[in-house]
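Have a look at my_file-v8.pdb below; it lists PDB, C-alpha atoms.
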ATOM      1  CA  MET A   1     -48.092  28.382 -53.201
ATOM      2  CA  SER A   2     -49.871  28.508 -56.583
ATOM      3  CA  ARG A   3     -51.450  25.163 -56.023
ATOM      4  CA  HIS A   4     -54.962  25.815 -57.219
ATOM      5  CA  ALA A   5     -55.969  23.121 -59.720
ATOM      6  CA  ALA A   6     -55.802  25.506 -62.669
ATOM      7  CA  SER A   7     -52.447  27.021 -61.803
ATOM      8  CA  SER A   8     -48.777  26.134 -61.984
ATOM      9  CA  ARG A   9     -45.731  27.294 -60.069
ATOM     10  CA  GLU A  10     -43.235  29.358 -61.968
ATOM     11  CA  SER A  11     -39.659  28.180 -61.746
ATOM     12  CA  GLY A  12     -37.038  30.268 -60.004
ATOM     13  CA  ALA A  13     -35.525  33.247 -61.736
ATOM     14  CA  GLY A  14     -31.891  32.928 -60.815
ATOM     15  CA  THR A  15     -30.131  33.526 -57.551
ATOM     16  CA  VAL A  16     -29.887  36.592 -55.392
ATOM     17  CA  GLU A  17     -27.275  37.757 -52.977
ATOM     18  CA  VAL A  18     -28.005  36.758 -49.389
ATOM     19  CA  SER A  19     -26.970  38.456 -46.174
ATOM     20  CA  ARG A  20     -26.584  37.200 -42.619
ATOM     21  CA  LEU A  21     -28.290  39.406 -40.100
ATOM     22  CA  PRO A  22     -26.512  40.088 -36.794
ATOM     23  CA  GLY A  23     -28.137  38.667 -33.703
ATOM     24  CA  THR A  24     -30.492  36.228 -35.438
ATOM     25  CA  GLY A  25     -28.243  33.750 -37.248
ATOM     26  CA  LEU A  26     -30.749  33.924 -40.092
ATOM     27  CA  ILE A  27     -29.788  34.057 -43.752
ATOM     28  CA  VAL A  28     -32.365  36.036 -45.725
ATOM     29  CA  GLU A  29     -33.049  36.442 -49.409
ATOM     30  CA  PRO A  30     -34.613  39.892 -49.865
ATOM     31  CA  PRO A  31     -38.089  40.085 -51.427
ATOM     32  CA  ARG A  32     -37.813  39.678 -55.175
ATOM     33  CA  ARG A  33     -40.004  39.551 -58.254
ATOM     34  CA  ARG A  34     -40.368  36.642 -60.651
ATOM     35  CA  TRP A  35     -41.745  37.119 -64.167
ATOM     36  CA  PRO A  36     -41.015  36.028 -67.756
ATOM     37  CA  SER A  37     -37.469  36.859 -68.790
ATOM     38  CA  VAL A  38     -38.428  39.257 -71.611
ATOM     39  CA  LEU A  39     -40.411  41.440 -69.259
ATOM     40  CA  ALA A  40     -37.641  41.226 -66.720
ATOM     41  CA  PHE A  41     -35.105  42.505 -69.249
ATOM     42  CA  LEU A  42     -37.268  45.520 -70.084
ATOM     43  CA  ILE A  43     -38.394  46.452 -66.610
ATOM     44  CA  VAL A  44     -36.072  45.169 -63.913
ATOM     45  CA  LEU A  45     -33.779  48.196 -63.957
ATOM     46  CA  GLY A  46     -36.680  50.479 -63.150
ATOM     47  CA  LEU A  47     -38.107  48.480 -60.265
ATOM     48  CA  VAL A  48     -37.249  48.717 -56.595
ATOM     49  CA  VAL A  49     -38.265  45.911 -54.300
ATOM     50  CA  THR A  50     -40.040  47.012 -51.138
ATOM     51  CA  GLY A  51     -39.545  44.877 -48.036
ATOM     52  CA  THR A  52     -38.033  44.295 -44.698
ATOM     53  CA  VAL A  53     -36.190  41.240 -43.515
ATOM     54  CA  TYR A  54     -36.098  39.018 -40.496
ATOM     55  CA  GLY A  55     -34.715  41.055 -37.618
ATOM     56  CA  MET A  56     -36.994  44.115 -38.043
ATOM     57  CA  THR A  57     -40.201  44.440 -36.036
ATOM     58  CA  HIS A  58     -43.263  45.566 -38.033
ATOM     59  CA  ARG A  59     -44.581  48.971 -37.027
ATOM     60  CA  SER A  60     -48.105  47.668 -36.434
ATOM     61  CA  ASP A  61     -47.238  44.597 -34.358
ATOM     62  CA  PRO A  62     -49.031  45.177 -31.048
ATOM     63  CA  GLY A  63     -47.111  43.470 -28.305
ATOM     64  CA  GLY A  64     -44.314  42.508 -30.674
ATOM     65  CA  THR A  65     -40.910  41.456 -29.439
ATOM     66  CA  ALA A  66     -37.770  43.560 -29.401
ATOM     67  CA  GLN A  67     -35.984  44.091 -32.687
ATOM     68  CA  GLY A  68     -33.920  41.119 -33.782
ATOM     69  CA  THR A  69     -35.389  38.694 -31.263
ATOM     70  CA  VAL A  70     -37.848  35.829 -31.457
ATOM     71  CA  ASP A  71     -40.748  35.502 -29.033
ATOM     72  CA  ALA A  72     -39.763  32.779 -26.573
ATOM     73  CA  THR A  73     -43.408  31.828 -26.062
ATOM     74  CA  SER A  74     -43.894  31.294 -29.759
ATOM     75  CA  THR A  75     -40.822  29.117 -30.114
ATOM     76  CA  SER A  76     -41.605  26.935 -27.133
ATOM     77  CA  SER A  77     -42.062  23.296 -28.075
ATOM     78  CA  ALA A  78     -45.069  23.136 -25.749
ATOM     79  CA  SER A  79     -48.453  23.306 -27.441
ATOM     80  CA  ASN A  80     -51.761  24.765 -26.273
ATOM     81  CA  THR A  81     -50.380  28.184 -25.356
ATOM     82  CA  SER A  82     -52.924  30.951 -24.876
ATOM     83  CA  ALA A  83     -54.390  32.262 -28.101
ATOM     84  CA  THR A  84     -55.670  35.416 -26.424
ATOM     85  CA  LYS A  85     -54.022  38.729 -27.213
ATOM     86  CA  PRO A  86     -55.296  42.283 -26.624
ATOM     87  CA  GLY A  87     -57.234  43.541 -29.632
ATOM     88  CA  PHE A  88     -57.471  40.072 -31.232
ATOM     89  CA  THR A  89     -60.334  37.606 -31.586
ATOM     90  CA  VAL A  90     -59.600  33.883 -31.333
ATOM     91  CA  TYR A  91     -60.900  32.180 -34.467
ATOM     92  CA  ASP A  92     -60.128  28.663 -33.224
ATOM     93  CA  ASP A  93     -58.037  27.272 -30.373
ATOM     94  CA  PHE A  94     -58.850  23.688 -31.395
ATOM     95  CA  SER A  95     -60.063  22.533 -28.018
ATOM     96  CA  GLY A  96     -61.865  19.204 -28.100
ATOM     97  CA  THR A  97     -61.493  15.472 -27.933
ATOM     98  CA  ALA A  98     -58.649  13.686 -29.697
ATOM     99  CA  GLY A  99     -59.760  12.336 -33.048
ATOM    100  CA  ASP A 100     -62.697  14.712 -33.460
ATOM    101  CA  ALA A 101     -63.119  16.546 -36.743
ATOM    102  CA  VAL A 102     -62.342  20.257 -36.841
ATOM    103  CA  ALA A 103     -65.423  22.457 -36.395
ATOM    104  CA  ASP A 104     -67.431  22.437 -39.617
ATOM    105  CA  GLY A 105     -68.784  25.870 -38.768
ATOM    106  CA  ARG A 106     -65.257  27.252 -39.116
ATOM    107  CA  TRP A 107     -63.484  24.932 -41.553
ATOM    108  CA  SER A 108     -64.022  23.336 -44.954
ATOM    109  CA  HIS A 109     -61.923  20.826 -46.904
ATOM    110  CA  ASP A 110     -60.697  20.820 -50.480
ATOM    111  CA  VAL A 111     -60.668  17.200 -51.641
ATOM    112  CA  GLY A 112     -59.372  15.209 -54.570
ATOM    113  CA  GLN A 113     -56.242  14.035 -56.333
ATOM    114  CA  THR A 114     -55.754  16.521 -59.151
ATOM    115  CA  GLY A 115     -52.073  17.431 -58.901
ATOM    116  CA  TRP A 116     -53.220  20.911 -57.761
ATOM    117  CA  GLY A 117     -51.185  22.656 -60.464
ATOM    118  CA  ASN A 118     -47.852  21.351 -59.192
ATOM    119  CA  ASN A 119     -48.027  17.627 -60.101
ATOM    120  CA  GLU A 120     -48.440  16.844 -56.424
ATOM    121  CA  LYS A 121     -49.071  13.231 -55.434
ATOM    122  CA  GLN A 122     -51.389  13.487 -52.438
ATOM    123  CA  ASP A 123     -55.093  12.780 -52.429
ATOM    124  CA  TYR A 124     -56.715  15.427 -50.215
ATOM    125  CA  THR A 125     -59.509  14.014 -48.027
ATOM    126  CA  ASP A 126     -61.902  15.244 -45.347
ATOM    127  CA  SER A 127     -61.194  12.156 -43.239
ATOM    128  CA  THR A 128     -60.249  12.568 -39.579
ATOM    129  CA  GLU A 129     -57.261  10.363 -40.391
ATOM    130  CA  ASN A 130     -55.843  13.360 -42.248
ATOM    131  CA  SER A 131     -57.188  16.332 -40.251
ATOM    132  CA  SER A 132     -58.513  16.297 -36.703
ATOM    133  CA  LEU A 133     -58.102  17.594 -33.173
ATOM    134  CA  ASP A 134     -55.367  15.989 -31.094
ATOM    135  CA  GLY A 135     -56.948  16.524 -27.671
ATOM    136  CA  ASP A 136     -54.142  18.864 -26.601
ATOM    137  CA  GLY A 137     -55.573  22.017 -28.157
ATOM    138  CA  ASN A 138     -54.220  21.572 -31.696
ATOM    139  CA  MET A 139     -55.412  20.855 -35.197
ATOM    140  CA  VAL A 140     -53.217  18.214 -36.816
ATOM    141  CA  ILE A 141     -52.962  17.838 -40.589
ATOM    142  CA  LYS A 142     -51.356  14.508 -41.455
ATOM    143  CA  ALA A 143     -49.866  13.427 -44.741
ATOM    144  CA  MET A 144     -49.873   9.630 -44.808
ATOM    145  CA  ARG A 145     -48.523   6.967 -47.099
ATOM    146  CA  ASN A 146     -51.352   4.940 -48.623
ATOM    147  CA  GLY A 147     -49.994   2.008 -50.581
ATOM    148  CA  ASP A 148     -48.198   3.526 -53.552
ATOM    149  CA  GLY A 149     -49.771   6.932 -52.942
ATOM    150  CA  TYR A 150     -50.428   9.477 -50.230
ATOM    151  CA  THR A 151     -53.369  11.082 -48.476
ATOM    152  CA  SER A 152     -53.379  14.478 -46.777
ATOM    153  CA  ALA A 153     -55.685  17.408 -45.968
ATOM    154  CA  ARG A 154     -56.214  20.939 -47.220
ATOM    155  CA  VAL A 155     -58.276  22.769 -44.604
ATOM    156  CA  THR A 156     -59.744  26.170 -45.479
ATOM    157  CA  THR A 157     -62.083  28.887 -44.209
ATOM    158  CA  LYS A 158     -63.712  29.308 -47.612
ATOM    159  CA  ASP A 159     -67.332  30.442 -47.179
ATOM    160  CA  LYS A 160     -66.768  30.415 -43.394
ATOM    161  CA  PHE A 161     -64.370  33.286 -42.655
ATOM    162  CA  GLU A 162     -62.721  36.006 -44.715
ATOM    163  CA  PHE A 163     -60.953  39.259 -44.010
ATOM    164  CA  THR A 164     -59.751  42.311 -45.915
ATOM    165  CA  TYR A 165     -57.772  44.591 -43.600
ATOM    166  CA  GLY A 166     -56.199  43.673 -40.292
ATOM    167  CA  ARG A 167     -53.961  40.894 -39.110
ATOM    168  CA  ILE A 168     -54.127  37.086 -39.016
ATOM    169  CA  GLU A 169     -51.805  35.004 -36.840
ATOM    170  CA  ALA A 170     -51.409  31.226 -36.582
ATOM    171  CA  ARG A 171     -49.075  29.304 -34.280
ATOM    172  CA  ILE A 172     -47.725  26.304 -36.189
ATOM    173  CA  LYS A 173     -45.130  23.570 -35.990
ATOM    174  CA  MET A 174     -44.139  22.461 -39.495
ATOM    175  CA  PRO A 175     -43.337  18.895 -40.585
ATOM    176  CA  ALA A 176     -40.016  17.996 -42.196
ATOM    177  CA  GLY A 177     -38.947  15.334 -44.661
ATOM    178  CA  ALA A 178     -38.025  14.832 -48.296
ATOM    179  CA  GLY A 179     -40.916  15.764 -50.576
ATOM    180  CA  LEU A 180     -43.003  17.563 -47.938
ATOM    181  CA  HIS A 181     -44.535  20.982 -48.631
ATOM    182  CA  PRO A 182     -46.651  22.414 -45.792
ATOM    183  CA  ALA A 183     -48.158  25.885 -46.099
ATOM    184  CA  PHE A 184     -50.267  28.575 -44.455
ATOM    185  CA  TRP A 185     -51.673  30.768 -47.222
ATOM    186  CA  MET A 186     -54.653  32.722 -48.577
ATOM    187  CA  LEU A 187     -56.752  33.091 -51.735
ATOM    188  CA  GLY A 188     -59.182  35.771 -52.834
ATOM    189  CA  THR A 189     -62.819  34.938 -52.166
ATOM    190  CA  ASP A 190     -63.649  35.657 -55.819
ATOM    191  CA  LEU A 191     -61.562  32.654 -56.895
ATOM    192  CA  ASP A 192     -64.499  30.711 -58.314
ATOM    193  CA  SER A 193     -65.716  33.643 -60.417
ATOM    194  CA  VAL A 194     -62.460  35.129 -61.737
ATOM    195  CA  GLY A 195     -60.006  32.222 -61.421
ATOM    196  CA  TRP A 196     -56.336  32.225 -60.461
ATOM    197  CA  PRO A 197     -54.219  34.396 -60.561
ATOM    198  CA  LEU A 198     -56.878  37.143 -60.875
ATOM    199  CA  SER A 199     -58.072  36.154 -57.417
ATOM    200  CA  GLY A 200     -54.641  36.839 -55.925
ATOM    201  CA  GLU A 201     -52.671  34.642 -53.562
ATOM    202  CA  ILE A 202     -50.795  35.419 -50.346
ATOM    203  CA  ASP A 203     -48.285  32.830 -49.159
ATOM    204  CA  VAL A 204     -47.876  33.588 -45.475
ATOM    205  CA  MET A 205     -45.428  30.731 -44.910
ATOM    206  CA  GLU A 206     -44.250  27.725 -46.910
ATOM    207  CA  THR A 207     -41.464  25.277 -46.157
ATOM    208  CA  LEU A 208     -39.970  22.540 -48.310
ATOM    209  CA  ASN A 209     -38.368  19.197 -47.479
ATOM    210  CA  GLN A 210     -36.403  19.596 -44.229
ATOM    211  CA  ALA A 211     -38.086  22.923 -43.290
ATOM    212  CA  ASP A 212     -34.649  24.531 -43.172
ATOM    213  CA  GLN A 213     -35.713  27.368 -45.475
ATOM    214  CA  TYR A 214     -38.810  29.546 -45.583
ATOM    215  CA  HIS A 215     -40.764  31.129 -48.430
ATOM    216  CA  THR A 216     -43.296  33.958 -48.209
ATOM    217  CA  GLY A 217     -44.836  36.400 -50.685
ATOM    218  CA  ILE A 218     -47.685  37.092 -53.089
ATOM    219  CA  HIS A 219     -48.927  36.061 -56.529
ATOM    220  CA  ALA A 220     -50.693  38.677 -58.635
ATOM    221  CA  PRO A 221     -51.941  38.776 -62.238
ATOM    222  CA  GLN A 222     -49.717  40.339 -64.858
ATOM    223  CA  PRO A 223     -50.175  41.866 -68.310
ATOM    224  CA  ASP A 224     -50.835  39.538 -71.243
ATOM    225  CA  SER A 225     -50.302  36.328 -69.276
ATOM    226  CA  LEU A 226     -52.334  33.583 -67.640
ATOM    227  CA  THR A 227     -49.578  32.967 -65.108
ATOM    228  CA  SER A 228     -48.800  35.096 -62.085
ATOM    229  CA  GLN A 229     -46.134  37.602 -61.292
ATOM    230  CA  LYS A 230     -44.630  36.889 -57.916
ATOM    231  CA  VAL A 231     -42.981  39.021 -55.255
ATOM    232  CA  ASP A 232     -41.447  36.789 -52.613
ATOM    233  CA  ALA A 233     -38.804  36.432 -49.943
ATOM    234  CA  GLY A 234     -36.963  33.393 -48.658
ATOM    235  CA  GLY A 235     -34.232  32.575 -46.216
ATOM    236  CA  ILE A 236     -32.660  30.194 -43.746
ATOM    237  CA  PRO A 237     -33.833  30.220 -40.118
ATOM    238  CA  PRO A 238     -31.475  29.520 -37.203
ATOM    239  CA  GLU A 239     -33.047  26.078 -36.842
ATOM    240  CA  PRO A 240     -35.481  24.103 -38.989
ATOM    241  CA  LEU A 241     -39.032  25.349 -38.558
ATOM    242  CA  SER A 242     -40.040  21.792 -37.669
ATOM    243  CA  GLU A 243     -38.116  22.012 -34.397
ATOM    244  CA  ASN A 244     -40.517  24.361 -32.571
ATOM    245  CA  PHE A 245     -43.779  26.239 -32.827
ATOM    246  CA  HIS A 246     -43.674  29.716 -34.384
ATOM    247  CA  THR A 247     -46.308  32.386 -34.914
ATOM    248  CA  TYR A 248     -46.715  33.178 -38.616
ATOM    249  CA  TRP A 249     -48.698  36.279 -39.555
ATOM    250  CA  VAL A 250     -49.947  38.520 -42.312
ATOM    251  CA  GLU A 251     -51.024  42.130 -41.907
ATOM    252  CA  ARG A 252     -53.034  43.908 -44.599
ATOM    253  CA  SER A 253     -53.876  47.562 -45.064
ATOM    254  CA  PRO A 254     -54.881  49.515 -48.198
ATOM    255  CA  GLY A 255     -52.151  48.993 -50.783
ATOM    256  CA  ARG A 256     -49.918  46.913 -48.510
ATOM    257  CA  VAL A 257     -49.366  43.247 -47.566
ATOM    258  CA  THR A 258     -46.803  42.397 -44.875
ATOM    259  CA  THR A 259     -45.840  38.918 -43.671
ATOM    260  CA  GLY A 260     -43.701  37.806 -40.767
ATOM    261  CA  ILE A 261     -42.716  35.247 -38.169
ATOM    262  CA  ASP A 262     -42.978  35.798 -34.424
ATOM    263  CA  GLY A 263     -41.978  39.425 -33.708
ATOM    264  CA  THR A 264     -40.193  40.088 -36.993
ATOM    265  CA  THR A 265     -41.169  41.113 -40.506
ATOM    266  CA  LEU A 266     -40.168  39.063 -43.540
ATOM    267  CA  ALA A 267     -41.644  40.930 -46.510
ATOM    268  CA  THR A 268     -43.735  43.979 -47.377
ATOM    269  CA  VAL A 269     -45.333  44.289 -50.822
ATOM    270  CA  THR A 270     -47.117  47.291 -52.367
ATOM    271  CA  PRO A 271     -48.453  48.060 -55.878
ATOM    272  CA  ASP A 272     -45.103  49.686 -56.695
ATOM    273  CA  ASP A 273     -43.573  46.192 -56.656
ATOM    274  CA  LEU A 274     -45.802  44.932 -59.477
ATOM    275  CA  ILE A 275     -45.561  45.184 -63.212
ATOM    276  CA  GLY A 276     -48.550  47.368 -64.021
ATOM    277  CA  GLY A 277     -48.761  48.714 -60.470
ATOM    278  CA  ASP A 278     -52.253  49.488 -59.188
ATOM    279  CA  ASP A 279     -53.896  47.916 -62.246
ATOM    280  CA  TYR A 280     -52.712  44.474 -61.102
ATOM    281  CA  TRP A 281     -53.024  44.962 -57.354
ATOM    282  CA  VAL A 282     -55.826  42.595 -56.288
ATOM    283  CA  PHE A 283     -55.222  42.512 -52.533
ATOM    284  CA  ASP A 284     -57.675  45.137 -51.255
ATOM    285  CA  LYS A 285     -60.541  42.652 -51.014
ATOM    286  CA  PRO A 286     -61.556  39.657 -48.858
ATOM    287  CA  PHE A 287     -59.326  36.586 -48.682
ATOM    288  CA  PHE A 288     -59.833  33.215 -46.973
ATOM    289  CA  LEU A 289     -57.275  31.009 -45.204
ATOM    290  CA  LEU A 290     -55.756  27.641 -46.142
ATOM    291  CA  PHE A 291     -53.583  25.152 -44.248
ATOM    292  CA  ASN A 292     -52.274  22.029 -45.963
ATOM    293  CA  VAL A 293     -49.460  19.518 -46.358
ATOM    294  CA  ALA A 294     -48.662  18.673 -49.980
ATOM    295  CA  VAL A 295     -46.513  15.704 -50.957
ATOM    296  CA  ALA A 296     -43.966  15.531 -53.795
ATOM    297  CA  GLY A 297     -44.586  17.235 -57.134
ATOM    298  CA  ASP A 298     -42.488  19.738 -59.052
ATOM    299  CA  TRP A 299     -41.890  21.784 -55.931
ATOM    300  CA  PRO A 300     -40.410  20.347 -53.608
ATOM    301  CA  GLY A 301     -39.548  17.125 -55.459
ATOM    302  CA  PRO A 302     -40.072  13.451 -54.580
ATOM    303  CA  THR A 303     -40.211  11.699 -51.252
ATOM    304  CA  ASP A 304     -37.631   9.056 -50.382
ATOM    305  CA  ASN A 305     -37.208   6.225 -47.894
ATOM    306  CA  SER A 306     -36.296   8.694 -45.149
ATOM    307  CA  THR A 307     -39.555  10.684 -45.391
ATOM    308  CA  PRO A 308     -41.481  10.196 -42.137
ATOM    309  CA  PHE A 309     -45.143   9.241 -42.370
ATOM    310  CA  PRO A 310     -47.428  10.354 -40.982
ATOM    311  CA  ALA A 311     -45.962  13.832 -41.528
ATOM    312  CA  THR A 312     -47.819  16.208 -39.239
ATOM    313  CA  MET A 313     -48.444  19.950 -39.421
ATOM    314  CA  THR A 314     -49.628  21.049 -35.961
ATOM    315  CA  VAL A 315     -51.679  24.251 -35.640
ATOM    316  CA  ASP A 316     -52.078  25.492 -32.057
ATOM    317  CA  TRP A 317     -54.458  28.393 -32.739
ATOM    318  CA  VAL A 318     -55.636  30.977 -35.259
ATOM    319  CA  ARG A 319     -56.545  34.530 -34.243
ATOM    320  CA  TYR A 320     -57.294  37.802 -36.017
ATOM    321  CA  ARG A 321     -57.596  41.526 -35.601
ATOM    322  CA  ALA A 322     -59.939  43.301 -38.009
ATOM    323  CA  ASP A 323     -59.108  46.914 -38.887
TER     324      ASP A 323
END

Could you render the structure as structure tokens?
Amino acid sequence: MSRHAASSRESGAGTVEVSRLPGTGLIVEPPRRRWPSVLAFLIVLGLVVTGTVYGMTHRSDPGGTAQGTVDATSTSSASNTSATKPGFTVYDDFSGTAGDAVADGRWSHDVGQTGWGNNEKQDYTDSTENSSLDGDGNMVIKAMRNGDGYTSARVTTKDKFEFTYGRIEARIKMPAGAGLHPAFWMLGTDLDSVGWPLSGEIDVMETLNQADQYHTGIHAPQPDSLTSQKVDAGGIPPEPLSENFHTYWVERSPGRVTTGIDGTTLATVTPDDLIGGDDYWVFDKPFFLLFNVAVAGDWPGPTDNSTPFPATMTVDWVRYRAD
């Protein structure tokens, strides 16, 4: 996501060949690195991208679905499904009265209108107009038009919850519309002391505009640069991710970050995927969670008259398993 106030998103580094996986209808771009072109010229031939693609079940997914399938429960349009799962602890199932604020013992808000490193146009607030419970067991994050501008919310677990190894899952229905950029992501808890990208960033799931593509991956520091090196994967789901709820997850173990959707893995990253290897691997430490809906900016581009407001990201539950 790279949307911390002091950061900026790198532009794409060309196109990659895509493949259509049998049985899923999903077009997937394999995990890939992005870095300055000079470094790419010197190093790219010696690097091998590690990752799996949609259609392969992760080895450590307890209760995962069969290979190449999507969990029917996760894709149901109904909300308020059970957040319980053997071996997992429910962080929040968002039960409560419609219009209430999310629990301040579990959630914090980043606020302000700073552009957030991507020339975004929203003003993040802690108002219940932008983030609240809906009374049906969900947290709703709403981007709203406000005169000539926009308001939205960026809800985090900073100073409330962090984890190093284990697995985090969140069941989410994404919004869709020109200029919308919802995300479920993570930052290192040492962000305030070391800054970005030294803190590291894990993008569990991002969508742009019509939510008809997905993006997932990591940002890490790199030699002799204040910008990040990125290892990411993207692709086209069988239907826009705004059509139904899906379970998005990240699993972390020493020297490994894996992300996925429902019962399938999207990307696996290890130090071997980074320029500088272990010296620039910053992911074996605590991270906190973020959920937000950004509006306009360099990535994904402007809104237009067709963009629906309010644009709502609906989070059914968040659960975790600590290893």

Separation of CA of Ser131 in chain A from CA of Gly177 in chain A in Å | 18.8 Å

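Computed from the coordinates, the CA of Ala176 in chain A to CA of Pro300 in chain A distance equals 11.7 Å.
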
Residues near range 156-170 of chain A, cut-off 10 Å, all atoms listed in the file, skip fewer than 5 positions along chain, as a PDB file with C-alpha atoms, keeping the file's coordinate frame:
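Okay, out-v6.pdb is ready:
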ATOM      1  CA  SER A  60     -48.105  47.668 -36.434  1.00  0.00           C
ATOM      2  CA  ASP A  61     -47.238  44.597 -34.358  1.00  0.00           C
ATOM      3  CA  ALA A  83     -54.390  32.262 -28.101  1.00  0.00           C
ATOM      4  CA  PHE A  88     -57.471  40.072 -31.232  1.00  0.00           C
ATOM      5  CA  THR A  89     -60.334  37.606 -31.586  1.00  0.00           C
ATOM      6  CA  VAL A  90     -59.600  33.883 -31.333  1.00  0.00           C
ATOM      7  CA  TYR A  91     -60.900  32.180 -34.467  1.00  0.00           C
ATOM      8  CA  ASP A  92     -60.128  28.663 -33.224  1.00  0.00           C
ATOM      9  CA  ASP A  93     -58.037  27.272 -30.373  1.00  0.00           C
ATOM     10  CA  ASP A 104     -67.431  22.437 -39.617  1.00  0.00           C
ATOM     11  CA  GLY A 105     -68.784  25.870 -38.768  1.00  0.00           C
ATOM     12  CA  ARG A 106     -65.257  27.252 -39.116  1.00  0.00           C
ATOM     13  CA  TRP A 107     -63.484  24.932 -41.553  1.00  0.00           C
ATOM     14  CA  SER A 108     -64.022  23.336 -44.954  1.00  0.00           C
ATOM     15  CA  HIS A 109     -61.923  20.826 -46.904  1.00  0.00           C
ATOM     16  CA  ASP A 110     -60.697  20.820 -50.480  1.00  0.00           C
ATOM     17  CA  PHE A 184     -50.267  28.575 -44.455  1.00  0.00           C
ATOM     18  CA  TRP A 185     -51.673  30.768 -47.222  1.00  0.00           C
ATOM     19  CA  MET A 186     -54.653  32.722 -48.577  1.00  0.00           C
ATOM     20  CA  LEU A 187     -56.752  33.091 -51.735  1.00  0.00           C
ATOM     21  CA  GLY A 188     -59.182  35.771 -52.834  1.00  0.00           C
ATOM     22  CA  THR A 189     -62.819  34.938 -52.166  1.00  0.00           C
ATOM     23  CA  VAL A 204     -47.876  33.588 -45.475  1.00  0.00           C
ATOM     24  CA  PHE A 245     -43.779  26.239 -32.827  1.00  0.00           C
ATOM     25  CA  HIS A 246     -43.674  29.716 -34.384  1.00  0.00           C
ATOM     26  CA  THR A 247     -46.308  32.386 -34.914  1.00  0.00           C
ATOM     27  CA  TYR A 248     -46.715  33.178 -38.616  1.00  0.00           C
ATOM     28  CA  TRP A 249     -48.698  36.279 -39.555  1.00  0.00           C
ATOM     29  CA  VAL A 250     -49.947  38.520 -42.312  1.00  0.00           C
ATOM     30  CA  GLU A 251     -51.024  42.130 -41.907  1.00  0.00           C
ATOM     31  CA  ARG A 252     -53.034  43.908 -44.599  1.00  0.00           C
ATOM     32  CA  SER A 253     -53.876  47.562 -45.064  1.00  0.00           C
ATOM     33  CA  PRO A 254     -54.881  49.515 -48.198  1.00  0.00           C
ATOM     34  CA  ARG A 256     -49.918  46.913 -48.510  1.00  0.00           C
ATOM     35  CA  VAL A 257     -49.366  43.247 -47.566  1.00  0.00           C
ATOM     36  CA  THR A 258     -46.803  42.397 -44.875  1.00  0.00           C
ATOM     37  CA  THR A 259     -45.840  38.918 -43.671  1.00  0.00           C
ATOM     38  CA  GLY A 260     -43.701  37.806 -40.767  1.00  0.00           C
ATOM     39  CA  ILE A 261     -42.716  35.247 -38.169  1.00  0.00           C
ATOM     40  CA  ASP A 262     -42.978  35.798 -34.424  1.00  0.00           C
ATOM     41  CA  PHE A 283     -55.222  42.512 -52.533  1.00  0.00           C
ATOM     42  CA  ASP A 284     -57.675  45.137 -51.255  1.00  0.00           C
ATOM     43  CA  LYS A 285     -60.541  42.652 -51.014  1.00  0.00           C
ATOM     44  CA  PRO A 286     -61.556  39.657 -48.858  1.00  0.00           C
ATOM     45  CA  PHE A 287     -59.326  36.586 -48.682  1.00  0.00           C
ATOM     46  CA  PHE A 288     -59.833  33.215 -46.973  1.00  0.00           C
ATOM     47  CA  LEU A 289     -57.275  31.009 -45.204  1.00  0.00           C
ATOM     48  CA  LEU A 290     -55.756  27.641 -46.142  1.00  0.00           C
ATOM     49  CA  PHE A 291     -53.583  25.152 -44.248  1.00  0.00           C
ATOM     50  CA  ASN A 292     -52.274  22.029 -45.963  1.00  0.00           C
ATOM     51  CA  VAL A 315     -51.679  24.251 -35.640  1.00  0.00           C
ATOM     52  CA  ASP A 316     -52.078  25.492 -32.057  1.00  0.00           C
ATOM     53  CA  TRP A 317     -54.458  28.393 -32.739  1.00  0.00           C
ATOM     54  CA  VAL A 318     -55.636  30.977 -35.259  1.00  0.00           C
ATOM     55  CA  ARG A 319     -56.545  34.530 -34.243  1.00  0.00           C
ATOM     56  CA  TYR A 320     -57.294  37.802 -36.017  1.00  0.00           C
ATOM     57  CA  ARG A 321     -57.596  41.526 -35.601  1.00  0.00           C
ATOM     58  CA  ALA A 322     -59.939  43.301 -38.009  1.00  0.00           C
ATOM     59  CA  ASP A 323     -59.108  46.914 -38.887  1.00  0.00           C
TER      60      ASP A 323
END

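Relative to CA of Met313 in chain A, CA of Glu129 in chain A is found at 13.1 Å.
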
Who sits within 10 Å of Val140 in chain A, all atoms listed in the file, same chain under 4 positions skipped, as a count of residues only = 20

On this file, the PyMOL selection byres ((chain A and resi 191-200) around 9) gives some set of residues; write that set as a CSV table (one decimal) with C-alpha atoms, in the coordinates of the input.
chain,number,residue,atom,x,y,z
A,2,SER,CA,-49.9,28.5,-56.6
A,4,HIS,CA,-55.0,25.8,-57.2
A,6,ALA,CA,-55.8,25.5,-62.7
A,7,SER,CA,-52.4,27.0,-61.8
A,186,MET,CA,-54.7,32.7,-48.6
A,187,LEU,CA,-56.8,33.1,-51.7
A,188,GLY,CA,-59.2,35.8,-52.8
A,189,THR,CA,-62.8,34.9,-52.2
A,190,ASP,CA,-63.6,35.7,-55.8
A,201,GLU,CA,-52.7,34.6,-53.6
A,202,ILE,CA,-50.8,35.4,-50.3
A,218,ILE,CA,-47.7,37.1,-53.1
A,219,HIS,CA,-48.9,36.1,-56.5
A,220,ALA,CA,-50.7,38.7,-58.6
A,221,PRO,CA,-51.9,38.8,-62.2
A,222,GLN,CA,-49.7,40.3,-64.9
A,226,LEU,CA,-52.3,33.6,-67.6
A,227,THR,CA,-49.6,33.0,-65.1
A,228,SER,CA,-48.8,35.1,-62.1
A,229,GLN,CA,-46.1,37.6,-61.3
A,280,TYR,CA,-52.7,44.5,-61.1
A,281,TRP,CA,-53.0,45.0,-57.4
A,282,VAL,CA,-55.8,42.6,-56.3
A,283,PHE,CA,-55.2,42.5,-52.5
A,287,PHE,CA,-59.3,36.6,-48.7
